[in-house]
Every structure is written in structure tokens, then in C-alpha cells.
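See below for start.cif, which holds mmCIF, C-alpha atoms.
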```cif
data_work
loop_
_atom_site.group_PDB
_atom_site.id
_atom_site.type_symbol
_atom_site.label_atom_id
_atom_site.label_comp_id
_atom_site.auth_asym_id
_atom_site.auth_seq_id
_atom_site.Cartn_x
_atom_site.Cartn_y
_atom_site.Cartn_z
ATOM 1 C CA MET A 1 205.792 210.251 158.463
ATOM 2 C CA ALA A 2 202.436 209.879 160.223
ATOM 3 C CA ASP A 3 201.716 213.572 159.644
ATOM 4 C CA GLY A 4 202.373 213.181 155.905
ATOM 5 C CA THR A 5 200.119 210.156 155.686
ATOM 6 C CA ASP A 6 197.362 212.031 157.528
ATOM 7 C CA LYS A 7 197.651 214.962 155.114
ATOM 8 C CA ILE A 8 197.415 212.650 152.085
ATOM 9 C CA GLY A 9 194.407 210.923 153.623
ATOM 10 C CA LEU A 10 192.722 214.272 154.296
ATOM 11 C CA LEU A 11 193.423 215.454 150.743
ATOM 12 C CA SER A 12 191.995 212.210 149.297
ATOM 13 C CA GLN A 13 188.871 212.645 151.402
ATOM 14 C CA GLN A 14 188.463 216.243 150.204
ATOM 15 C CA ILE A 15 188.813 215.165 146.556
ATOM 16 C CA SER A 16 186.329 212.352 147.118
ATOM 17 C CA ASN A 17 183.800 214.705 148.719
ATOM 18 C CA PHE A 18 184.265 217.228 145.915
ATOM 19 C CA ALA A 19 183.678 214.537 143.280
ATOM 20 C CA LYS A 20 180.406 213.387 144.807
ATOM 21 C CA MET A 21 177.140 214.820 143.562
ATOM 22 C CA LYS A 22 173.557 214.440 144.674
ATOM 23 C CA ILE A 23 171.080 212.771 142.319
ATOM 24 C CA GLU A 24 168.673 215.719 142.359
ATOM 25 C CA ALA A 25 171.455 218.194 141.535
ATOM 26 C CA LEU A 26 172.527 216.167 138.523
ATOM 27 C CA LYS A 27 168.906 215.794 137.416
ATOM 28 C CA GLU A 28 168.606 219.594 137.388
ATOM 29 C CA ASP A 29 171.729 219.777 135.208
ATOM 30 C CA PHE A 30 170.091 217.356 132.755
ATOM 31 C CA ILE A 31 166.924 219.491 132.644
ATOM 32 C CA ILE A 32 168.858 222.706 131.993
ATOM 33 C CA GLU A 33 171.236 221.234 129.411
ATOM 34 C CA LEU A 34 168.545 219.361 127.473
ATOM 35 C CA GLU A 35 165.940 222.142 127.485
ATOM 36 C CA PRO A 36 166.471 222.892 123.743
ATOM 37 C CA LEU A 37 165.703 219.265 122.809
ATOM 38 C CA TYR A 38 163.248 217.831 125.332
ATOM 39 C CA ASP A 39 160.497 218.986 127.668
ATOM 40 C CA VAL A 40 160.998 218.595 131.417
ATOM 41 C CA ASP A 41 158.990 215.377 131.806
ATOM 42 C CA GLU A 42 160.827 213.708 128.927
ATOM 43 C CA THR A 43 164.181 214.791 130.347
ATOM 44 C CA LYS A 44 163.286 213.373 133.767
ATOM 45 C CA ASN A 45 162.404 210.084 132.085
ATOM 46 C CA LEU A 46 165.719 210.058 130.202
ATOM 47 C CA PHE A 47 167.604 210.802 133.399
ATOM 48 C CA GLY A 48 165.755 207.982 135.170
ATOM 49 C CA LEU A 49 166.703 205.494 132.457
ATOM 50 C CA ALA A 50 170.340 206.595 132.578
ATOM 51 C CA LEU A 51 170.451 206.477 136.389
ATOM 52 C CA GLU A 52 168.853 203.034 136.467
ATOM 53 C CA HIS A 53 171.448 201.783 133.965
ATOM 54 C CA VAL A 54 174.457 203.262 135.771
ATOM 55 C CA LEU A 55 173.408 202.236 139.292
ATOM 56 C CA GLU A 56 171.939 198.913 138.117
ATOM 57 C CA ILE A 57 168.924 199.503 140.371
ATOM 58 C CA HIS A 58 165.319 200.007 139.247
ATOM 59 C CA TYR A 59 164.466 203.718 139.254
ATOM 60 C CA ASN A 60 161.460 203.233 141.573
ATOM 61 C CA LYS A 61 163.769 201.690 144.188
ATOM 62 C CA ILE A 62 166.272 204.537 143.715
ATOM 63 C CA ARG A 63 163.495 207.034 144.489
ATOM 64 C CA LEU A 64 162.686 205.179 147.706
ATOM 65 C CA LEU A 65 166.339 205.437 148.778
ATOM 66 C CA GLY A 66 166.196 209.230 148.567
ATOM 67 C CA ASP A 67 168.647 211.824 147.247
ATOM 68 C CA LEU A 68 171.770 209.676 147.235
ATOM 69 C CA ASP A 69 175.370 210.756 146.775
ATOM 70 C CA LEU A 70 176.731 209.611 143.409
ATOM 71 C CA SER A 71 180.379 208.574 143.194
ATOM 72 C CA TYR A 72 182.852 210.282 140.884
ATOM 73 C CA LEU A 73 182.697 207.394 138.403
ATOM 74 C CA GLN A 74 178.889 207.351 138.428
ATOM 75 C CA VAL A 75 178.768 211.102 137.818
ATOM 76 C CA GLN A 76 181.194 210.795 134.897
ATOM 77 C CA LYS A 77 179.147 208.012 133.307
ATOM 78 C CA LEU A 78 175.970 210.063 133.607
ATOM 79 C CA LEU A 79 177.668 213.164 132.178
ATOM 80 C CA THR A 80 178.802 211.073 129.201
ATOM 81 C CA VAL A 81 175.166 210.094 128.660
ATOM 82 C CA LEU A 82 174.191 213.761 128.917
ATOM 83 C CA ASN A 83 176.739 214.763 126.273
ATOM 84 C CA ASP A 84 175.410 212.117 123.887
ATOM 85 C CA LEU A 85 171.831 213.245 124.513
ATOM 86 C CA LYS A 86 172.808 216.838 123.729
ATOM 87 C CA ILE A 87 173.841 215.839 120.203
ATOM 88 C CA GLY A 88 170.531 214.063 119.692
ATOM 89 C CA ARG A 89 171.597 210.450 120.120
ATOM 90 C CA PRO A 90 168.666 208.319 121.387
ATOM 91 C CA ILE A 91 168.988 207.108 124.971
ATOM 92 C CA GLN A 92 168.488 203.480 123.889
ATOM 93 C CA TYR A 93 171.522 203.601 121.603
ATOM 94 C CA ILE A 94 173.567 205.358 124.288
ATOM 95 C CA LEU A 95 172.765 202.670 126.856
ATOM 96 C CA GLY A 96 172.782 199.885 124.256
ATOM 97 C CA GLU A 97 169.442 198.529 125.426
ATOM 98 C CA ALA A 98 165.700 199.055 125.199
ATOM 99 C CA HIS A 99 162.799 197.715 127.243
ATOM 100 C CA PHE A 100 160.072 195.888 125.312
ATOM 101 C CA TYR A 101 157.159 193.816 126.610
ATOM 102 C CA GLY A 102 158.856 192.921 129.882
ATOM 103 C CA SER A 103 162.294 192.101 128.473
ATOM 104 C CA VAL A 104 165.463 194.084 127.865
ATOM 105 C CA PHE A 105 166.759 194.019 124.288
ATOM 106 C CA LYS A 106 170.201 194.978 123.088
ATOM 107 C CA VAL A 107 170.024 197.639 120.376
ATOM 108 C CA ASN A 108 172.399 199.603 118.191
ATOM 109 C CA GLU A 109 172.156 201.795 115.106
ATOM 110 C CA SER A 110 171.626 198.711 112.916
ATOM 111 C CA VAL A 111 168.092 198.209 114.298
ATOM 112 C CA LEU A 112 165.074 200.328 115.090
ATOM 113 C CA ILE A 113 164.352 201.188 118.695
ATOM 114 C CA PRO A 114 161.314 199.113 119.817
ATOM 115 C CA ARG A 115 158.270 201.270 120.430
ATOM 116 C CA PRO A 116 155.116 201.103 122.612
ATOM 117 C CA GLU A 117 152.747 200.787 119.638
ATOM 118 C CA THR A 118 154.600 197.646 118.596
ATOM 119 C CA GLU A 119 154.082 196.288 122.120
ATOM 120 C CA GLU A 120 150.357 196.785 121.537
ATOM 121 C CA LEU A 121 150.572 194.715 118.351
ATOM 122 C CA VAL A 122 152.426 191.934 120.191
ATOM 123 C CA ASP A 123 149.887 192.034 123.022
ATOM 124 C CA TRP A 124 147.034 191.699 120.526
ATOM 125 C CA ILE A 125 148.605 188.618 118.918
ATOM 126 C CA ILE A 126 149.323 186.991 122.285
ATOM 127 C CA ASN A 127 145.800 187.525 123.590
ATOM 128 C CA GLU A 128 144.271 186.236 120.361
ATOM 129 C CA ASN A 129 146.335 183.051 120.492
ATOM 130 C CA LEU A 130 146.498 182.256 124.218
ATOM 131 C CA PRO A 131 143.361 180.049 124.075
ATOM 132 C CA ASP A 132 145.304 177.711 121.739
ATOM 133 C CA VAL A 133 148.444 177.697 123.877
ATOM 134 C CA ARG A 134 148.658 173.880 123.806
ATOM 135 C CA VAL A 135 148.370 173.699 120.012
ATOM 136 C CA GLN A 136 151.606 173.631 118.004
ATOM 137 C CA LYS A 137 151.623 176.503 115.518
ATOM 138 C CA GLY A 138 153.982 178.152 113.067
ATOM 139 C CA LEU A 139 154.632 181.898 113.032
ATOM 140 C CA LEU A 140 156.656 184.051 110.661
ATOM 141 C CA ASP A 141 157.805 187.579 111.510
ATOM 142 C CA ILE A 142 158.904 189.725 108.570
ATOM 143 C CA GLY A 143 161.432 192.490 109.306
ATOM 144 C CA THR A 144 162.956 191.252 112.543
ATOM 145 C CA GLY A 145 165.140 194.256 113.481
ATOM 146 C CA SER A 146 166.185 193.757 117.106
ATOM 147 C CA GLY A 147 164.024 190.636 117.229
ATOM 148 C CA CYS A 148 161.608 192.250 119.661
ATOM 149 C CA ILE A 149 158.422 190.965 117.967
ATOM 150 C CA PRO A 150 159.340 187.302 117.358
ATOM 151 C CA ILE A 151 161.203 186.959 120.656
ATOM 152 C CA ALA A 152 158.368 188.436 122.739
ATOM 153 C CA LEU A 153 155.859 186.222 120.938
ATOM 154 C CA LYS A 154 157.950 183.080 121.406
ATOM 155 C CA LYS A 155 158.492 183.891 125.087
ATOM 156 C CA HIS A 156 154.758 184.191 125.748
ATOM 157 C CA LEU A 157 153.532 181.643 123.180
ATOM 158 C CA PRO A 158 156.090 178.837 123.583
ATOM 159 C CA ASN A 159 153.950 176.462 121.491
ATOM 160 C CA PHE A 160 154.779 178.543 118.397
ATOM 161 C CA ALA A 161 157.625 177.546 116.107
ATOM 162 C CA VAL A 162 158.878 181.022 115.205
ATOM 163 C CA SER A 163 160.837 182.122 112.138
ATOM 164 C CA SER A 164 161.904 185.660 111.298
ATOM 165 C CA ILE A 165 163.180 187.354 108.150
ATOM 166 C CA ASP A 166 165.285 190.474 107.719
ATOM 167 C CA ILE A 167 167.217 191.852 104.776
ATOM 168 C CA SER A 168 169.976 193.147 107.082
ATOM 169 C CA GLY A 169 172.636 190.742 108.302
ATOM 170 C CA LYS A 170 173.634 193.288 110.951
ATOM 171 C CA ALA A 171 170.075 193.384 112.280
ATOM 172 C CA ILE A 172 169.914 189.582 112.401
ATOM 173 C CA ALA A 173 173.170 189.515 114.387
ATOM 174 C CA VAL A 174 171.537 191.737 117.028
ATOM 175 C CA ALA A 175 168.356 189.642 117.027
ATOM 176 C CA VAL A 176 170.313 186.400 117.450
ATOM 177 C CA GLN A 177 172.106 187.897 120.452
ATOM 178 C CA ASN A 178 168.780 188.951 121.992
ATOM 179 C CA ALA A 179 167.174 185.545 121.450
ATOM 180 C CA LYS A 180 170.082 183.852 123.227
ATOM 181 C CA ALA A 181 170.022 186.339 126.116
ATOM 182 C CA ILE A 182 166.263 185.994 126.626
ATOM 183 C CA GLY A 183 166.398 182.244 126.177
ATOM 184 C CA VAL A 184 164.153 181.545 123.195
ATOM 185 C CA GLU A 185 164.709 179.674 119.956
ATOM 186 C CA ILE A 186 164.035 181.540 116.707
ATOM 187 C CA ASP A 187 164.909 180.558 113.141
ATOM 188 C CA PHE A 188 166.403 183.745 111.672
ATOM 189 C CA ILE A 189 166.595 184.072 107.888
ATOM 190 C CA GLU A 190 168.506 186.742 105.971
ATOM 191 C CA ALA A 191 166.285 187.532 102.991
ATOM 192 C CA ASP A 192 164.456 190.313 101.151
ATOM 193 C CA ILE A 193 160.701 189.777 101.396
ATOM 194 C CA LEU A 194 160.242 191.560 98.068
ATOM 195 C CA GLY A 195 161.753 188.501 96.423
ATOM 196 C CA TYR A 196 161.447 185.798 99.075
ATOM 197 C CA GLU A 197 159.686 182.506 98.369
ATOM 198 C CA SER A 198 159.023 179.523 100.625
ATOM 199 C CA GLU A 199 156.908 176.383 100.601
ATOM 200 C CA GLN A 200 156.456 176.514 104.366
ATOM 201 C CA LYS A 201 152.954 177.182 105.695
ATOM 202 C CA PHE A 202 152.261 179.302 108.777
ATOM 203 C CA ASP A 203 149.367 179.862 111.155
ATOM 204 C CA VAL A 204 150.378 183.469 111.810
ATOM 205 C CA ILE A 205 152.387 186.017 109.833
ATOM 206 C CA VAL A 206 153.251 189.368 111.410
ATOM 207 C CA SER A 207 155.183 192.353 110.138
ATOM 208 C CA ASN A 208 156.130 195.876 111.076
ATOM 209 C CA PRO A 209 157.616 196.826 107.698
ATOM 210 C CA PRO A 210 158.941 200.203 106.519
ATOM 211 C CA TYR A 211 155.942 202.495 106.032
ATOM 212 C CA ILE A 212 156.946 206.136 106.561
ATOM 213 C CA ARG A 213 156.738 208.254 103.411
ATOM 214 C CA ALA A 214 159.472 210.770 102.635
ATOM 215 C CA LEU A 215 156.881 213.550 102.933
ATOM 216 C CA GLU A 216 156.347 212.624 106.597
ATOM 217 C CA LYS A 217 159.971 213.233 107.600
ATOM 218 C CA VAL A 218 159.077 216.783 108.653
ATOM 219 C CA GLU A 219 156.948 215.330 111.488
ATOM 220 C CA MET A 220 159.770 213.210 112.886
ATOM 221 C CA HIS A 221 162.202 213.956 115.695
ATOM 222 C CA ALA A 222 165.668 214.861 114.429
ATOM 223 C CA ASN A 223 167.317 212.123 116.492
ATOM 224 C CA VAL A 224 165.268 209.472 114.665
ATOM 225 C CA LEU A 225 166.232 210.840 111.252
ATOM 226 C CA LYS A 226 169.883 211.125 112.184
ATOM 227 C CA HIS A 227 170.437 207.854 114.037
ATOM 228 C CA GLU A 228 167.865 205.146 113.229
ATOM 229 C CA PRO A 229 168.269 202.952 110.107
ATOM 230 C CA HIS A 230 166.416 204.497 107.150
ATOM 231 C CA LEU A 231 166.188 201.086 105.474
ATOM 232 C CA ALA A 232 163.751 200.014 108.210
ATOM 233 C CA LEU A 233 161.749 203.250 108.204
ATOM 234 C CA PHE A 234 161.101 204.806 104.825
ATOM 235 C CA VAL A 235 159.285 204.049 101.584
ATOM 236 C CA ALA A 236 158.798 206.082 98.420
ATOM 237 C CA ASP A 237 155.927 208.552 98.393
ATOM 238 C CA ASP A 238 154.585 207.068 95.151
ATOM 239 C CA ASP A 239 154.465 203.461 96.449
ATOM 240 C CA PRO A 240 154.047 203.586 100.244
ATOM 241 C CA LEU A 241 152.387 200.156 100.508
ATOM 242 C CA VAL A 242 155.058 198.288 98.553
ATOM 243 C CA PHE A 243 155.908 196.010 101.487
ATOM 244 C CA TYR A 244 152.270 195.444 102.484
ATOM 245 C CA ASN A 245 151.500 194.404 98.934
ATOM 246 C CA ALA A 246 154.409 191.939 98.831
ATOM 247 C CA ILE A 247 153.752 190.528 102.323
ATOM 248 C CA ALA A 248 150.013 190.148 101.671
ATOM 249 C CA ALA A 249 150.759 188.254 98.451
ATOM 250 C CA PHE A 250 153.218 186.022 100.318
ATOM 251 C CA ALA A 251 150.724 185.485 103.151
ATOM 252 C CA LYS A 252 147.952 184.570 100.738
ATOM 253 C CA THR A 253 150.106 181.682 99.534
ATOM 254 C CA ASN A 254 151.871 180.755 102.766
ATOM 255 C CA LEU A 255 149.168 181.031 105.434
ATOM 256 C CA LYS A 256 147.224 177.928 106.387
ATOM 257 C CA ALA A 257 143.434 177.908 106.182
ATOM 258 C CA LYS A 258 142.053 180.460 108.672
ATOM 259 C CA GLY A 259 145.605 181.766 109.155
ATOM 260 C CA GLN A 260 146.100 185.247 110.602
ATOM 261 C CA LEU A 261 148.026 188.185 109.138
ATOM 262 C CA TYR A 262 148.975 191.069 111.438
ATOM 263 C CA PHE A 263 150.507 194.398 110.442
ATOM 264 C CA GLU A 264 151.697 197.527 112.162
ATOM 265 C CA ILE A 265 150.725 200.307 109.756
ATOM 266 C CA ASN A 266 151.118 203.940 108.812
ATOM 267 C CA GLU A 267 148.499 205.883 110.788
ATOM 268 C CA TYR A 268 147.582 207.880 107.656
ATOM 269 C CA LEU A 269 147.091 204.837 105.406
ATOM 270 C CA GLY A 270 144.708 202.655 107.384
ATOM 271 C CA LYS A 271 141.871 202.708 104.850
ATOM 272 C CA GLU A 272 144.264 202.157 101.953
ATOM 273 C CA THR A 273 145.824 199.161 103.695
ATOM 274 C CA VAL A 274 142.381 197.673 104.398
ATOM 275 C CA GLU A 275 141.432 198.084 100.735
ATOM 276 C CA LEU A 276 144.680 196.404 99.651
ATOM 277 C CA LEU A 277 143.911 193.402 101.854
ATOM 278 C CA LYS A 278 140.352 193.189 100.561
ATOM 279 C CA ALA A 279 141.639 193.239 96.993
ATOM 280 C CA LYS A 280 144.005 190.370 97.855
ATOM 281 C CA GLY A 281 141.066 188.280 99.071
ATOM 282 C CA PHE A 282 141.519 188.556 102.841
ATOM 283 C CA ASN A 283 138.495 188.617 105.124
ATOM 284 C CA ASP A 284 137.583 189.399 108.761
ATOM 285 C CA ILE A 285 139.757 192.504 108.488
ATOM 286 C CA VAL A 286 140.074 194.495 111.728
ATOM 287 C CA LEU A 287 141.653 197.971 111.823
ATOM 288 C CA ARG A 288 142.677 198.848 115.375
ATOM 289 C CA LYS A 289 143.729 202.114 116.982
ATOM 290 C CA ASP A 290 146.677 202.432 119.367
ATOM 291 C CA MET A 291 146.661 204.036 122.823
ATOM 292 C CA HIS A 292 146.850 207.474 121.193
ATOM 293 C CA GLY A 293 143.774 206.890 119.029
ATOM 294 C CA LYS A 294 145.751 206.440 115.802
ATOM 295 C CA ASP A 295 145.063 203.722 113.224
ATOM 296 C CA ARG A 296 148.138 201.613 113.892
ATOM 297 C CA MET A 297 147.498 197.887 113.404
ATOM 298 C CA ILE A 298 145.498 195.459 111.279
ATOM 299 C CA LYS A 299 144.485 191.830 111.526
ATOM 300 C CA ALA A 300 143.153 189.828 108.574
ATOM 301 C CA LYS A 301 142.412 186.181 107.799
ATOM 302 C CA VAL A 302 142.694 184.119 104.647
#
```
Translate this file's structure into C-alpha cells.
Amino acid sequence: MADGTDKIGLLSQQISNFAKMKIEALKEDFIIELEPLYDVDETKNLFGLALEHVLEIHYNKIRLLGDLDLSYLQVQKLLTVLNDLKIGRPIQYILGEAHFYGSVFKVNESVLIPRPETEELVDWIINENLPDVRVQKGLLDIGTGSGCIPIALKKHLPNFAVSSIDISGKAIAVAVQNAKAIGVEIDFIEADILGYESEQKFDVIVSNPPYIRALEKVEMHANVLKHEPHLALFVADDDPLVFYNAIAAFAKTNLKAKGQLYFEINEYLGKETVELLKAKGFNDIVLRKDMHGKDRMIKAKV
């Protein structure tokens, strides 16, 4: 009986050893398998995000621990991520989360994946308004998506009473979940800004509306086109500033005196967006480039 137990124990140990895999070996598998879709540096970054998620340890700490053995279950989870990446699914949707301005946001295919250029817009607004941190202000975000903009602003500017509009009920459901998880209070409103009216006045209005023309689809990564919500991305080629026009008109009526309007914009339509705002009667217009030197954001005052 003892001999049989020993044999079973030995067999279990052999299976366990066989199932284990070193981190670096699995990283090489990711690089080889994803070569048709991503360059090596991007693949390493994707692997790091996946590893951090599965092990629930920050990737920098994992690197300090060295080339660890991964358990069978950990390997299987990472291989599932790899299979999803191979069909072009974005890593944020695979993991169900995205990092934005120091917080982790839940995301799914109902919302856009938060991007670094939007973090720059948020950072601009925070720095512009920090001197008035004790003053109670009202802020409206238009096109909430995951809620990354209004939630990050409320977290760092707690004196703001923040409202946020989105046409998608599914997007608002995600944003509500994120606001609760991060611990901020936002008034979410399901509405279409193209027809929305309100008597409420705001100190700040911000929006990252749809701005990509159909003709620009050829420049986009296939995984964005296939997986991210087109409603939040695209506008018609013949009226690419439709949302900027509507939001500027709304802001002209609903901003307080000296109120601020902030936009993330199409890098190819910076001058056109400035001219639109001038025509609407805005002043102190600032067109700002992002970290890549692209015209990406605008601030204007009434």
C-alpha cells in the first residue's frame, strides 16, 4: 500500500514539474506567436500586462524576483490571453481593465480603451484648476465612455461637482461601476449631445467626442476597427466636426462667464477646430500638441 502511494506521489510530482514553465520561456512563446501582429517591444509590454494581471503583482516587482516558475493554472491563463491576442483582441478587453491616470478602470467592448493622449488632456485640466482647489465648481464631461475623464478629474479635483453625458446606456453602466470602485461621485446622464438641452451652468466643459473620419480607417490598427465601439470613434467625412459644433454651441450657452471648454481633437483638424471656436465667439483659444508632437487638444474660454 505504501509503495502504491509513493508511486502516485511521484507521478503527481512529475506531472506538476512538467506543467511548470519559466516566465522567460513563456515570454519567448509570446514573441514568436505574436510576431505577425506586434513588434518585439510591444509584445513584451503585452506579456508584462498579462503577467501582472495573472500573478497580481506589479511587473517591476516580478522582474526583481527573477525567472520564476509559473504554475500550471498560471500558464493556462496566460496561454488563453495569448490566443485572444493572436486574433487581434486588445489586451485591455482580454483582461477587462485599463490603467488611466493612476487608476485601474474596468473596460469592455461597450467603451473605448482609455489612451495616453487623453491622460494629457486630463492632466492639463487638473493643472489649470488646481490653484482654485478650494472653490466649488461645476464640470460637465460629454461622451463618458468608461468614465475615465470625469472620474480622474473628480478624484484629483474633489471640489468639482461632476456630471457626465453619454448616448450609450451600456457605456454608462461601465462608468457607474468604475466610479463606485474608485470612490467618486459622478452624476451620469444618458443623452445625445446633438439634441441635449439643460439650464445648468458649468465652469468647465470637456469632451473627447467621435472625430475619426472614415477615410482615416486605413491608418488604424485592425484590432481597433474590429473590437472598439464605432459609435465612439467615427464621423462622416463630409461633416467631421459635427460633435464639436454641437458641443461648442451648448458650451456657449451653458458655460459661466470665463468658463473653460476643453476638447481632445483630430490631429489633422486642429486649425479647422480653432476656426470653428472662433466663429462661435470663443476667445483665448490654445491649440496644444501631445507627447508625439500632434495637434491633439484645445482649450477655449467664453
Set out as CSV a contact list for segment 97-159 of chain A and segment 253-264 of chain A with a cut-off of 12 Å, giving each residue of segment 97-159 of chain A that qualifies its closest atom pair and distance in Å to one decimal, counting all atoms listed in the file, ordered by chain and rising residue number.
```
residue,atom,partner,partner_atom,distance
A:Arg115,CA,A:Glu264,CA,11.2
A:Pro116,CA,A:Glu264,CA,11.6
A:Glu117,CA,A:Glu264,CA,8.2
A:Thr118,CA,A:Glu264,CA,7.1
A:Glu119,CA,A:Glu264,CA,10.3
A:Glu120,CA,A:Glu264,CA,9.5
A:Leu121,CA,A:Glu264,CA,6.9
A:Val122,CA,A:Tyr262,CA,9.4
A:Asp123,CA,A:Tyr262,CA,11.7
A:Trp124,CA,A:Tyr262,CA,9.3
A:Ile125,CA,A:Tyr262,CA,7.9
A:Ile126,CA,A:Tyr262,CA,11.6
A:Glu128,CA,A:Gln260,CA,10.0
A:Asn129,CA,A:Gln260,CA,10.1
A:Lys137,CA,A:Gly259,CA,10.2
A:Gly138,CA,A:Leu255,CA,9.5
A:Leu139,CA,A:Leu255,CA,9.4
A:Leu140,CA,A:Leu255,CA,9.6
A:Asp141,CA,A:Tyr262,CA,9.5
A:Ile142,CA,A:Phe263,CA,9.8
A:Gly143,CA,A:Phe263,CA,11.1
A:Ile149,CA,A:Glu264,CA,11.0
```
Please write as number ranges by chain the full residue list that the PyMOL selection byres ((chain A and resi 108-112) around 6) yields on this file.
-> A: 93, 107, 113, 145-146, 171, 228
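Counting all atoms listed in the file, the residue from A:Lys280, A:Lys20, A:Lys86, A:Lys61 that sits nearest to Thr43 of chain A is A:Lys86.
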Test item: the PyMOL selection byres ((chain A and resi 157) around 9) resolved as a ChimeraX atom specification | /A:126,129-130,133,152-156,158-160
Surrounding residues of Ile193 of chain A excluding itself and chain neighbours under 3 positions, 12 Å, all atoms listed in the file, as a list in words =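 Surrounding residues, per the criterion: Leu140, Asp141, Ile142, Gly143, Thr144, Ser164, Ile165, Asp166, Ile167, Ser168, Ile189, Glu190, Tyr196, Glu197, Ser198, Ser207, Pro209, Pro210, Val242, Phe243, Tyr244, Asn245, Ala246, Ile247, Ala248, Ala249, Phe250 and Ala251 of chain A.
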Given only C-alpha atoms as the counted atoms, nearest of A:Gly66, A:Gln136, A:Ser71, A:Phe47 to Leu95 of chain A |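 With only C-alpha atoms as the atom set, the closest residue is A:Phe47.
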Could you work out how far atom CA of Leu78 of chain A lies from atom CA of Glu28 of chain A, giving the answer in Å with one decimal?
->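 Straight-line distance from atom CA of Glu28 of chain A to atom CA of Leu78 of chain A works out to 12.6 Å.
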To verify the selection step, state as JSON, numbers by chain which residues the PyMOL selection byres ((chain A and resi 30) around 8) yields on this input.
-> {"A": [26, 27, 28, 29, 31, 32, 33, 34, 43, 44, 47, 82]}
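Note that the spacing between atom CA of Leu215 of chain A and atom CA of Arg296 of chain A amounts to 18.4 Å.
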Edge lengths and centre, in Å to one decimal, as lines of an AutoDock Vina configuration file: that's what I need for the box along x, y and z that holds all listed atoms of segment 269-282 of chain A plus 3 Å on each side.
```
center_x = 143.7
center_y = 196.6
center_z = 102.2
size_x = 12.7
size_y = 22.6
size_z = 16.4
```
Expressed in Å to a single decimal, how great is the separation between atom CA of Thr80 of chain A and atom CA of Val224 of chain A?
->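 Rounded to one decimal, the two atoms are 19.9 Å apart.
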Between A:Asn208, A:Asn266, A:Gln74, A:Asn223, which is the closest to Leu55 of chain A once you count all atoms listed in the file?
->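 Nearest candidate to Leu55 of chain A out of A:Asn208, A:Asn266, A:Gln74, A:Asn223: A:Gln74.
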With all atoms listed in the file as the basis for distance, which of A:Phe282, A:Thr273, A:Phe188, A:Val162 is at the shortest distance from Tyr211 of chain A?
->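 Nearest to Tyr211 of chain A: A:Thr273.
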Please provide the set of residues having any atom within 8 Å of Gly147 of chain A, restricted to all atoms listed in the file, with same-chain residues fewer than 6 positions apart removed, written as a compact mmCIF listing (two decimals) with C-alpha atoms, keeping the file's coordinate frame.
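Result saved to part_10.txt:
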```txt
# COMPACT_ATOMS: atom_id res chain seq x y z
CA ILE A 172 169.91 189.58 112.40
CA VAL A 174 171.54 191.74 117.03
CA ALA A 175 168.36 189.64 117.03
CA VAL A 176 170.31 186.40 117.45
CA ASN A 178 168.78 188.95 121.99
CA ALA A 179 167.17 185.54 121.45
```
Point out the residue among A:Pro150, A:Leu51, A:Ile212, A:Ala236 with the least atom-to-atom distance to Asp187 of chain A, counting all atoms listed in the file.
-> A:Pro150
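With distances taken over all atoms listed in the file, A:His221 is the one residue among A:Lys299, A:Lys271, A:Lys226, A:His221 lying closest to Tyr38 of chain A.
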